[in-house]
>>> print(open('work.tsv').read())   # TSV, N, CA and C atoms
chain	number	residue	atom	x	y	z
A	1123	MET	N	0.84	-1.18	0.00
A	1123	MET	CA	0.00	0.00	0.00
A	1123	MET	C	0.89	1.25	0.00
A	1124	ASP	N	0.63	2.11	-0.95
A	1124	ASP	CA	1.37	3.36	-1.06
A	1124	ASP	C	0.81	4.34	-0.03
A	1125	LEU	N	1.69	4.89	0.81
A	1125	LEU	CA	1.26	5.76	1.90
A	1125	LEU	C	2.31	6.85	2.15
A	1126	PRO	N	2.23	7.98	1.43
A	1126	PRO	CA	3.22	9.05	1.61
A	1126	PRO	C	3.26	9.55	3.06
A	1127	GLU	N	4.47	9.70	3.58
A	1127	GLU	CA	4.67	10.12	4.97
A	1127	GLU	C	4.34	11.59	5.19
A	1128	ASP	N	4.36	12.40	4.12
A	1128	ASP	CA	4.18	13.85	4.29
A	1128	ASP	C	2.71	14.29	4.28
A	1129	LEU	N	1.79	13.34	4.18
A	1129	LEU	CA	0.37	13.67	4.13
A	1129	LEU	C	-0.30	13.39	5.47
A	1130	LYS	N	-1.49	13.98	5.65
A	1130	LYS	CA	-2.36	13.66	6.79
A	1130	LYS	C	-3.54	12.87	6.22
A	1131	TYR	N	-4.19	12.07	7.07
A	1131	TYR	CA	-5.24	11.16	6.61
A	1131	TYR	C	-6.47	11.24	7.50
A	1132	THR	N	-7.63	10.90	6.92
A	1132	THR	CA	-8.86	10.81	7.71
A	1132	THR	C	-9.20	9.33	7.92
A	1133	ARG	N	-10.06	9.08	8.88
A	1133	ARG	CA	-10.53	7.72	9.12
A	1133	ARG	C	-11.44	7.24	7.98
A	1134	GLU	N	-11.92	8.18	7.18
A	1134	GLU	CA	-12.78	7.84	6.02
A	1134	GLU	C	-11.97	7.66	4.74
A	1135	HIS	N	-10.63	7.70	4.85
A	1135	HIS	CA	-9.71	7.36	3.76
A	1135	HIS	C	-9.46	8.49	2.76
A	1136	GLU	N	-9.59	9.74	3.21
A	1136	GLU	CA	-9.12	10.86	2.40
A	1136	GLU	C	-7.72	11.24	2.87
A	1137	TRP	N	-6.96	11.87	1.97
A	1137	TRP	CA	-5.65	12.40	2.35
A	1137	TRP	C	-5.69	13.93	2.20
A	1138	ALA	N	-4.78	14.60	2.91
A	1138	ALA	CA	-4.68	16.05	2.89
A	1138	ALA	C	-3.21	16.45	2.79
A	1139	ARG	N	-2.90	17.29	1.80
A	1139	ARG	CA	-1.54	17.80	1.61
A	1139	ARG	C	-1.58	19.31	1.82
A	1140	ARG	N	-0.84	19.78	2.81
A	1140	ARG	CA	-0.83	21.21	3.11
A	1140	ARG	C	0.24	21.93	2.30
A	1141	GLU	N	-0.18	23.02	1.67
A	1141	GLU	CA	0.74	23.92	0.98
A	1141	GLU	C	0.33	25.32	1.37
A	1142	GLY	N	0.98	25.85	2.42
A	1142	GLY	CA	0.59	27.15	2.95
A	1142	GLY	C	-0.78	27.05	3.60
A	1143	ASN	N	-1.71	27.88	3.14
A	1143	ASN	CA	-3.06	27.90	3.68
A	1143	ASN	C	-4.02	27.05	2.85
A	1144	ARG	N	-3.48	26.31	1.91
A	1144	ARG	CA	-4.32	25.49	1.02
A	1144	ARG	C	-4.07	24.01	1.26
A	1145	ILE	N	-5.17	23.26	1.25
A	1145	ILE	CA	-5.12	21.83	1.49
A	1145	ILE	C	-5.64	21.11	0.25
A	1146	THR	N	-4.78	20.34	-0.40
A	1146	THR	CA	-5.20	19.51	-1.52
A	1146	THR	C	-5.72	18.20	-0.95
A	1147	VAL	N	-6.85	17.73	-1.50
A	1147	VAL	CA	-7.55	16.57	-0.95
A	1147	VAL	C	-7.76	15.51	-2.03
A	1148	GLY	N	-7.62	14.26	-1.65
A	1148	GLY	CA	-7.94	13.14	-2.53
A	1148	GLY	C	-8.28	11.93	-1.68
A	1149	ILE	N	-8.43	10.78	-2.32
A	1149	ILE	CA	-8.64	9.54	-1.55
A	1149	ILE	C	-7.37	8.72	-1.59
A	1150	THR	N	-7.20	7.90	-0.58
A	1150	THR	CA	-5.97	7.13	-0.42
A	1150	THR	C	-5.87	5.97	-1.42
A	1151	ASP	N	-4.66	5.47	-1.54
A	1151	ASP	CA	-4.41	4.29	-2.36
A	1151	ASP	C	-5.26	3.12	-1.85
A	1152	TYR	N	-5.35	2.97	-0.53
A	1152	TYR	CA	-6.19	1.92	0.05
A	1152	TYR	C	-7.64	2.08	-0.41
A	1153	ALA	N	-8.16	3.31	-0.35
A	1153	ALA	CA	-9.56	3.55	-0.72
A	1153	ALA	C	-9.83	3.23	-2.18
A	1154	GLN	N	-8.92	3.66	-3.06
A	1154	GLN	CA	-9.18	3.41	-4.49
A	1154	GLN	C	-9.11	1.92	-4.79
A	1155	LYS	N	-8.26	1.17	-4.09
A	1155	LYS	CA	-8.21	-0.28	-4.31
A	1155	LYS	C	-9.49	-0.95	-3.82
A	1156	GLU	N	-10.00	-0.48	-2.68
A	1156	GLU	CA	-11.24	-1.04	-2.15
A	1156	GLU	C	-12.43	-0.73	-3.06
A	1157	LEU	N	-12.43	0.45	-3.65
A	1157	LEU	CA	-13.53	0.86	-4.53
A	1157	LEU	C	-13.53	0.09	-5.85
A	1158	GLY	N	-12.35	-0.21	-6.37
A	1158	GLY	CA	-12.25	-0.78	-7.70
A	1158	GLY	C	-12.21	0.34	-8.73
A	1159	ASP	N	-12.51	0.03	-9.98
A	1159	ASP	CA	-12.38	1.00	-11.05
A	1159	ASP	C	-13.35	2.17	-10.87
A	1160	VAL	N	-12.79	3.37	-10.70
A	1160	VAL	CA	-13.61	4.57	-10.53
A	1160	VAL	C	-14.14	5.01	-11.89
A	1161	VAL	N	-15.46	5.24	-11.96
A	1161	VAL	CA	-16.10	5.60	-13.23
A	1161	VAL	C	-16.70	7.01	-13.21
A	1162	TYR	N	-16.81	7.62	-12.02
A	1162	TYR	CA	-17.42	8.94	-11.94
A	1162	TYR	C	-17.03	9.61	-10.62
A	1163	VAL	N	-16.74	10.91	-10.69
A	1163	VAL	CA	-16.45	11.68	-9.48
A	1163	VAL	C	-17.30	12.94	-9.52
A	1164	ASP	N	-18.05	13.20	-8.46
A	1164	ASP	CA	-18.87	14.41	-8.34
A	1164	ASP	C	-18.23	15.31	-7.29
A	1165	LEU	N	-17.79	16.50	-7.74
A	1165	LEU	CA	-17.10	17.43	-6.87
A	1165	LEU	C	-17.96	18.67	-6.63
A	1166	PRO	N	-17.69	19.38	-5.53
A	1166	PRO	CA	-18.49	20.57	-5.22
A	1166	PRO	C	-18.13	21.75	-6.11
A	1167	PRO	N	-19.02	22.74	-6.19
A	1167	PRO	CA	-18.71	23.94	-6.96
A	1167	PRO	C	-17.65	24.78	-6.25
A	1168	LEU	N	-16.88	25.53	-7.02
A	1168	LEU	CA	-15.90	26.43	-6.42
A	1168	LEU	C	-16.63	27.46	-5.58
A	1169	GLY	N	-16.03	27.83	-4.48
A	1169	GLY	CA	-16.63	28.81	-3.59
A	1169	GLY	C	-17.47	28.20	-2.48
A	1170	ARG	N	-17.81	26.93	-2.59
A	1170	ARG	CA	-18.60	26.29	-1.53
A	1170	ARG	C	-17.77	26.19	-0.26
A	1171	THR	N	-18.40	26.45	0.85
A	1171	THR	CA	-17.74	26.31	2.15
A	1171	THR	C	-18.09	24.94	2.71
A	1172	VAL	N	-17.06	24.23	3.17
A	1172	VAL	CA	-17.27	22.91	3.77
A	1172	VAL	C	-16.75	22.92	5.19
A	1173	SER	N	-17.33	22.08	6.02
A	1173	SER	CA	-16.88	21.89	7.39
A	1173	SER	C	-16.10	20.60	7.49
A	1174	GLN	N	-15.19	20.52	8.46
A	1174	GLN	CA	-14.43	19.29	8.66
A	1174	GLN	C	-15.39	18.14	8.88
A	1175	GLY	N	-15.20	17.05	8.13
A	1175	GLY	CA	-16.02	15.85	8.26
A	1175	GLY	C	-17.28	15.86	7.40
A	1176	GLU	N	-17.58	16.99	6.76
A	1176	GLU	CA	-18.77	17.10	5.92
A	1176	GLU	C	-18.55	16.43	4.56
A	1177	SER	N	-19.59	15.81	4.04
A	1177	SER	CA	-19.52	15.22	2.70
A	1177	SER	C	-19.44	16.35	1.68
A	1178	PHE	N	-18.46	16.26	0.76
A	1178	PHE	CA	-18.34	17.30	-0.26
A	1178	PHE	C	-18.59	16.78	-1.67
A	1179	GLY	N	-18.79	15.48	-1.81
A	1179	GLY	CA	-19.01	14.91	-3.13
A	1179	GLY	C	-19.11	13.41	-3.04
A	1180	VAL	N	-19.11	12.77	-4.20
A	1180	VAL	CA	-19.16	11.31	-4.24
A	1180	VAL	C	-18.19	10.78	-5.28
A	1181	VAL	N	-17.78	9.55	-5.06
A	1181	VAL	CA	-16.98	8.83	-6.04
A	1181	VAL	C	-17.74	7.53	-6.32
A	1182	GLU	N	-17.89	7.24	-7.61
A	1182	GLU	CA	-18.63	6.05	-8.03
A	1182	GLU	C	-17.67	5.10	-8.73
A	1183	SER	N	-17.74	3.84	-8.34
A	1183	SER	CA	-16.91	2.82	-8.98
A	1183	SER	C	-17.82	1.75	-9.55
A	1184	VAL	N	-17.20	0.76	-10.17
A	1184	VAL	CA	-17.99	-0.34	-10.71
A	1184	VAL	C	-18.65	-1.13	-9.58
A	1185	LYS	N	-18.15	-1.01	-8.34
A	1185	LYS	CA	-18.69	-1.75	-7.21
A	1185	LYS	C	-19.72	-0.97	-6.39
A	1186	THR	N	-19.49	0.35	-6.20
A	1186	THR	CA	-20.26	1.09	-5.21
A	1186	THR	C	-20.19	2.59	-5.43
A	1187	VAL	N	-20.96	3.32	-4.67
A	1187	VAL	CA	-20.89	4.79	-4.61
A	1187	VAL	C	-20.52	5.15	-3.18
A	1188	SER	N	-19.51	6.02	-3.02
A	1188	SER	CA	-19.07	6.41	-1.68
A	1188	SER	C	-19.01	7.92	-1.56
A	1189	ASP	N	-19.40	8.41	-0.39
A	1189	ASP	CA	-19.27	9.84	-0.11
A	1189	ASP	C	-17.81	10.20	0.10
A	1190	LEU	N	-17.48	11.44	-0.20
A	1190	LEU	CA	-16.17	12.01	0.06
A	1190	LEU	C	-16.32	12.99	1.21
A	1191	TYR	N	-15.38	12.99	2.14
A	1191	TYR	CA	-15.48	13.84	3.33
A	1191	TYR	C	-14.32	14.80	3.43
A	1192	ALA	N	-14.63	16.04	3.79
A	1192	ALA	CA	-13.61	17.08	3.91
A	1192	ALA	C	-12.73	16.83	5.12
A	1193	PRO	N	-11.41	16.74	4.92
A	1193	PRO	CA	-10.52	16.53	6.06
A	1193	PRO	C	-10.40	17.79	6.94
A	1194	VAL	N	-10.67	18.95	6.34
A	1194	VAL	CA	-10.64	20.23	7.06
A	1194	VAL	C	-11.76	21.10	6.54
A	1195	GLY	N	-12.07	22.14	7.31
A	1195	GLY	CA	-13.08	23.08	6.87
A	1195	GLY	C	-12.46	24.25	6.13
A	1196	GLY	N	-13.28	24.87	5.27
A	1196	GLY	CA	-12.81	26.03	4.53
A	1196	GLY	C	-13.57	26.18	3.23
A	1197	LYS	N	-13.03	27.02	2.36
A	1197	LYS	CA	-13.68	27.29	1.08
A	1197	LYS	C	-13.00	26.48	-0.03
A	1198	VAL	N	-13.81	25.84	-0.87
A	1198	VAL	CA	-13.29	25.10	-2.02
A	1198	VAL	C	-12.81	26.11	-3.07
A	1199	VAL	N	-11.50	26.11	-3.34
A	1199	VAL	CA	-10.93	27.09	-4.26
A	1199	VAL	C	-10.47	26.48	-5.58
A	1200	ALA	N	-10.45	25.14	-5.65
A	1200	ALA	CA	-10.08	24.46	-6.90
A	1200	ALA	C	-10.69	23.07	-6.90
A	1201	GLY	N	-11.00	22.60	-8.10
A	1201	GLY	CA	-11.48	21.24	-8.29
A	1201	GLY	C	-10.76	20.65	-9.49
A	1202	ASN	N	-10.51	19.37	-9.45
A	1202	ASN	CA	-9.79	18.70	-10.54
A	1202	ASN	C	-10.76	18.39	-11.67
A	1203	GLU	N	-10.89	19.32	-12.59
A	1203	GLU	CA	-11.82	19.17	-13.71
A	1203	GLU	C	-11.45	18.00	-14.62
A	1204	GLU	N	-10.20	17.60	-14.60
A	1204	GLU	CA	-9.76	16.48	-15.44
A	1204	GLU	C	-10.47	15.18	-15.07
A	1205	LEU	N	-10.92	15.08	-13.81
A	1205	LEU	CA	-11.60	13.86	-13.36
A	1205	LEU	C	-12.95	13.66	-14.04
A	1206	VAL	N	-13.54	14.73	-14.59
A	1206	VAL	CA	-14.81	14.61	-15.30
A	1206	VAL	C	-14.62	13.68	-16.51
A	1207	GLN	N	-13.56	13.89	-17.27
A	1207	GLN	CA	-13.28	13.09	-18.45
A	1207	GLN	C	-12.45	11.83	-18.15
A	1208	LYS	N	-11.64	11.89	-17.07
A	1208	LYS	CA	-10.74	10.79	-16.75
A	1208	LYS	C	-10.84	10.40	-15.28
A	1209	PRO	N	-11.99	9.88	-14.84
A	1209	PRO	CA	-12.11	9.50	-13.42
A	1209	PRO	C	-11.13	8.41	-13.01
A	1210	GLU	N	-10.62	7.67	-13.98
A	1210	GLU	CA	-9.67	6.59	-13.68
A	1210	GLU	C	-8.35	7.11	-13.11
A	1211	LEU	N	-8.10	8.42	-13.20
A	1211	LEU	CA	-6.90	8.99	-12.58
A	1211	LEU	C	-6.88	8.76	-11.07
A	1212	VAL	N	-8.06	8.64	-10.47
A	1212	VAL	CA	-8.15	8.35	-9.04
A	1212	VAL	C	-7.49	7.00	-8.75
A	1213	ASN	N	-7.64	6.03	-9.67
A	1213	ASN	CA	-7.02	4.72	-9.49
A	1213	ASN	C	-5.53	4.73	-9.84
A	1214	SER	N	-5.19	5.37	-10.94
A	1214	SER	CA	-3.81	5.29	-11.43
A	1214	SER	C	-2.86	6.23	-10.68
A	1215	SER	N	-3.37	7.31	-10.11
A	1215	SER	CA	-2.51	8.29	-9.44
A	1215	SER	C	-3.25	8.95	-8.27
A	1216	PRO	N	-3.59	8.17	-7.22
A	1216	PRO	CA	-4.42	8.73	-6.15
A	1216	PRO	C	-3.79	9.92	-5.43
A	1217	TYR	N	-2.44	9.97	-5.35
A	1217	TYR	CA	-1.78	11.06	-4.64
A	1217	TYR	C	-1.24	12.13	-5.59
A	1218	GLY	N	-1.45	11.95	-6.89
A	1218	GLY	CA	-0.95	12.90	-7.88
A	1218	GLY	C	-2.07	13.45	-8.72
A	1219	GLU	N	-2.15	12.99	-9.97
A	1219	GLU	CA	-3.15	13.51	-10.91
A	1219	GLU	C	-4.58	13.21	-10.50
A	1220	GLY	N	-4.78	12.29	-9.56
A	1220	GLY	CA	-6.12	11.95	-9.10
A	1220	GLY	C	-6.62	12.77	-7.93
A	1221	TRP	N	-5.93	13.89	-7.62
A	1221	TRP	CA	-6.42	14.77	-6.54
A	1221	TRP	C	-7.83	15.25	-6.88
A	1222	MET	N	-8.57	15.69	-5.88
A	1222	MET	CA	-9.97	16.05	-6.10
A	1222	MET	C	-10.27	17.53	-5.93
A	1223	ILE	N	-9.99	18.08	-4.74
A	1223	ILE	CA	-10.27	19.50	-4.52
A	1223	ILE	C	-9.13	20.14	-3.73
A	1224	VAL	N	-9.14	21.48	-3.73
A	1224	VAL	CA	-8.25	22.27	-2.87
A	1224	VAL	C	-9.15	23.13	-1.99
A	1225	ILE	N	-8.89	23.07	-0.69
A	1225	ILE	CA	-9.65	23.84	0.30
A	1225	ILE	C	-8.74	24.92	0.88
A	1226	GLU	N	-9.24	26.15	0.92
A	1226	GLU	CA	-8.55	27.21	1.62
A	1226	GLU	C	-8.88	27.04	3.10
A	1227	LEU	N	-7.89	26.67	3.87
A	1227	LEU	CA	-8.05	26.28	5.27
A	1227	LEU	C	-8.58	27.44	6.11
A	1228	SER	N	-9.62	27.16	6.90
A	1228	SER	CA	-10.17	28.21	7.76
A	1228	SER	C	-9.63	28.12	9.19
A	1229	GLN	N	-9.30	26.92	9.66
A	1229	GLN	CA	-8.79	26.74	11.03
A	1229	GLN	C	-7.66	25.72	11.02
A	1230	ALA	N	-6.43	26.21	11.11
A	1230	ALA	CA	-5.25	25.33	11.02
A	1230	ALA	C	-5.26	24.23	12.07
A	1231	GLU	N	-5.86	24.49	13.24
A	1231	GLU	CA	-5.85	23.48	14.31
A	1231	GLU	C	-6.64	22.23	13.92
A	1232	GLU	N	-7.50	22.32	12.90
A	1232	GLU	CA	-8.22	21.12	12.45
A	1232	GLU	C	-7.28	20.05	11.90
A	1233	LEU	N	-6.12	20.46	11.44
A	1233	LEU	CA	-5.14	19.49	10.95
A	1233	LEU	C	-4.71	18.53	12.06
A	1234	ASP	N	-4.77	19.00	13.30
A	1234	ASP	CA	-4.39	18.16	14.45
A	1234	ASP	C	-5.34	16.99	14.64
A	1235	ASN	N	-6.54	17.06	14.07
A	1235	ASN	CA	-7.53	15.98	14.19
A	1235	ASN	C	-7.26	14.85	13.21
A	1236	LEU	N	-6.33	15.05	12.27
A	1236	LEU	CA	-6.07	14.05	11.24
A	1236	LEU	C	-4.98	13.08	11.68
A	1237	LEU	N	-4.92	11.96	11.00
A	1237	LEU	CA	-3.94	10.91	11.31
A	1237	LEU	C	-2.66	11.13	10.52
A	1238	ASP	N	-1.52	10.77	11.13
A	1238	ASP	CA	-0.28	10.73	10.35
A	1238	ASP	C	-0.22	9.37	9.64
A	1239	ALA	N	0.79	9.18	8.82
A	1239	ALA	CA	0.88	7.95	8.01
A	1239	ALA	C	0.92	6.70	8.89
A	1240	ARG	N	1.64	6.75	9.99
A	1240	ARG	CA	1.75	5.58	10.87
A	1240	ARG	C	0.39	5.21	11.47
A	1241	ALA	N	-0.33	6.21	11.95
A	1241	ALA	CA	-1.65	5.96	12.56
A	1241	ALA	C	-2.65	5.49	11.50
A	1242	TYR	N	-2.55	6.05	10.29
A	1242	TYR	CA	-3.47	5.62	9.23
A	1242	TYR	C	-3.18	4.17	8.83
A	1243	ARG	N	-1.90	3.82	8.74
A	1243	ARG	CA	-1.54	2.44	8.41
A	1243	ARG	C	-2.09	1.48	9.45
A	1244	ALA	N	-2.00	1.85	10.72
A	1244	ALA	CA	-2.53	1.00	11.80
A	1244	ALA	C	-4.04	0.87	11.66
A	1245	LEU	N	-4.73	1.94	11.30
A	1245	LEU	CA	-6.18	1.90	11.09
A	1245	LEU	C	-6.54	0.92	9.99
A	1246	VAL	N	-5.86	1.05	8.86
A	1246	VAL	CA	-6.16	0.20	7.69
A	1246	VAL	C	-5.84	-1.25	7.98
A	1247	GLU	N	-4.69	-1.50	8.62
A	1247	GLU	CA	-4.31	-2.88	8.94
A	1247	GLU	C	-5.31	-3.49	9.92
A	1248	GLY	N	-5.89	-2.69	10.77
A	1248	GLY	CA	-6.90	-3.15	11.71
A	1248	GLY	C	-8.21	-3.50	11.03
A	1249	GLN	N	-8.40	-3.03	9.79
A	1249	GLN	CA	-9.61	-3.35	9.03
A	1249	GLN	C	-9.46	-4.61	8.23
A	1250	GLY	N	-8.34	-5.30	8.41
A	1250	GLY	CA	-8.17	-6.59	7.76
A	1250	GLY	C	-7.57	-6.53	6.38
A	1251	SER	N	-6.90	-5.43	6.09
A	1251	SER	CA	-6.31	-5.29	4.75
A	1251	SER	C	-4.88	-5.77	4.75
>>> encode(input="work.tsv", output="structure tokens")
Amino acid sequence: MDLPEDLKYTREHEWARREGNRITVGITDYAQKELGDVVYVDLPPLGRTVSQGESFGVVESVKTVSDLYAPVGGKVVAGNEELVQKPELVNSSPYGEGWMIVIELSQAEELDNLLDARAYRALVEGQGS
């Protein structure tokens, strides 16, 4: 399982990469493997405000439809429009080209609620993976 050490993770299998006051969000390698082939991603409109833990969209695979949850609260300032035409990027590059949204962080302390790579690995391994 690919698990970059420089990212933060949620218990719902999203990752968060901080760059200044902006947080890039996607789903983990574990999540995309569990979902199977991703066929559709529904992302929020730019400017929408999300709260930490709030559903901001859905990802649909050949197996299931799953909600996406915001790892932090703030305003959505970017969305990966490429996923509309190429949702499979979520599978082939979950930490790169398969990113989903960028949130302008409203409360930096919310990052403290997220898991580091070691804690996320323990969570996933505890789920029988």
>>> closest_residue(input="work.tsv", among="A:Ile1225, A:Asp1189, A:Thr1150, A:Glu1232", to="A:Val1172", atoms="only N, CA and C atoms")
A:Ile1225
>>> closest_residue(input="work.tsv", among="A:Ser1215, A:Asn1235, A:Ser1183, A:Gln1174", to="A:Leu1157", atoms="only C-alpha atoms")
A:Ser1183
>>> atom_distance(input="work.tsv", atom1="atom CA of A:Leu1237", atom2="atom N of A:His1135")
9.8 Å
>>> closest_residue(input="work.tsv", among="A:Val1181, A:Leu1245, A:Leu1165, A:Val1147", to="A:Tyr1217", atoms="only N, CA and C atoms")
A:Val1147
>>> residues_around(input="work.tsv", residues="A:Lys1208", least_positions_apart="5", cutoff="10 Å", atoms="only C-alpha atoms", output="ChimeraX atom specification")
/A:1160-1163,1203,1219-1220
>>> residues_near_point(input="work.tsv", point="(-19.5, 15.4, -1.2)", cutoff="6 Å", atoms="only C-alpha atoms", output="list in words")
Ser1177, Phe1178, Gly1179, Val1180, Asp1189 and Leu1190 of chain A
>>> axis_aligned_box(input="work.tsv", around="stretch 1136-1145 of chain A", padding_each_side="5 Å", output="lines of an AutoDock Vina configuration file")
center_x = -4.3
center_y = 18.8
center_z = 2.0
size_x = 20.6
size_y = 28.2
size_z = 13.4
>>> select_by_dssp(input="work.tsv", residues="stretch 1135-1204 of chain A", states="helix (DSSP H, G or I)", output="list in words")
Asp1151, Tyr1152, Ala1153, Gln1154, Lys1155, Glu1156, Leu1157 and Glu1204 of chain A
>>> atom_distance(input="work.tsv", atom1="atom CA of A:Gly1148", atom2="atom CA of A:Tyr1242")
14.7 Å
>>> atom_distance(input="work.tsv", atom1="atom C of A:Glu1134", atom2="atom CA of A:Gly1169")
23.2 Å
>>> closest_residue(input="work.tsv", among="A:Ala1230, A:Ile1149, A:Ala1138, A:Leu1129", to="A:Ser1214", atoms="only C-alpha atoms")
A:Ile1149
>>> select_by_dssp(input="work.tsv", residues="stretch 1136-1251 of chain A", states="strand (DSSP E or B)", output="count of residues only")
43
>>> residues_around(input="work.tsv", residues="A:Pro1166", least_positions_apart="2", cutoff="8 Å", atoms="only C-alpha atoms", output="ChimeraX atom specification")
/A:1164,1168,1170,1178-1179,1198,1201
>>> residues_around(input="work.tsv", residues="A:Leu1125", least_positions_apart="3", cutoff="8 Å", atoms="only N, CA and C atoms", output="list of chain:residue names")
A:Asp1128, A:Leu1129, A:Thr1150, A:Asp1151, A:Tyr1152, A:Ala1239, A:Arg1240, A:Arg1243
>>> closest_residue(input="work.tsv", among="A:Glu1176, A:Asp1124, A:Glu1226, A:Glu1182", to="A:Asn1143", atoms="all atoms listed in the file")
A:Glu1226
>>> decode(input="work.tsv", residues="stretch 1227-1244 of chain A", atoms="C-alpha atoms", output="CSV table (one decimal), in the first residue's frame")
chain,number,residue,atom,x,y,z
A,1227,LEU,CA,-8.0,26.3,5.3
A,1228,SER,CA,-10.2,28.2,7.8
A,1229,GLN,CA,-8.8,26.7,11.0
A,1230,ALA,CA,-5.3,25.3,11.0
A,1231,GLU,CA,-5.9,23.5,14.3
A,1232,GLU,CA,-8.2,21.1,12.5
A,1233,LEU,CA,-5.1,19.5,10.9
A,1234,ASP,CA,-4.4,18.2,14.4
A,1235,ASN,CA,-7.5,16.0,14.2
A,1236,LEU,CA,-6.1,14.1,11.2
A,1237,LEU,CA,-3.9,10.9,11.3
A,1238,ASP,CA,-0.3,10.7,10.4
A,1239,ALA,CA,0.9,8.0,8.0
A,1240,ARG,CA,1.8,5.6,10.9
A,1241,ALA,CA,-1.6,6.0,12.6
A,1242,TYR,CA,-3.5,5.6,9.2
A,1243,ARG,CA,-1.5,2.4,8.4
A,1244,ALA,CA,-2.5,1.0,11.8
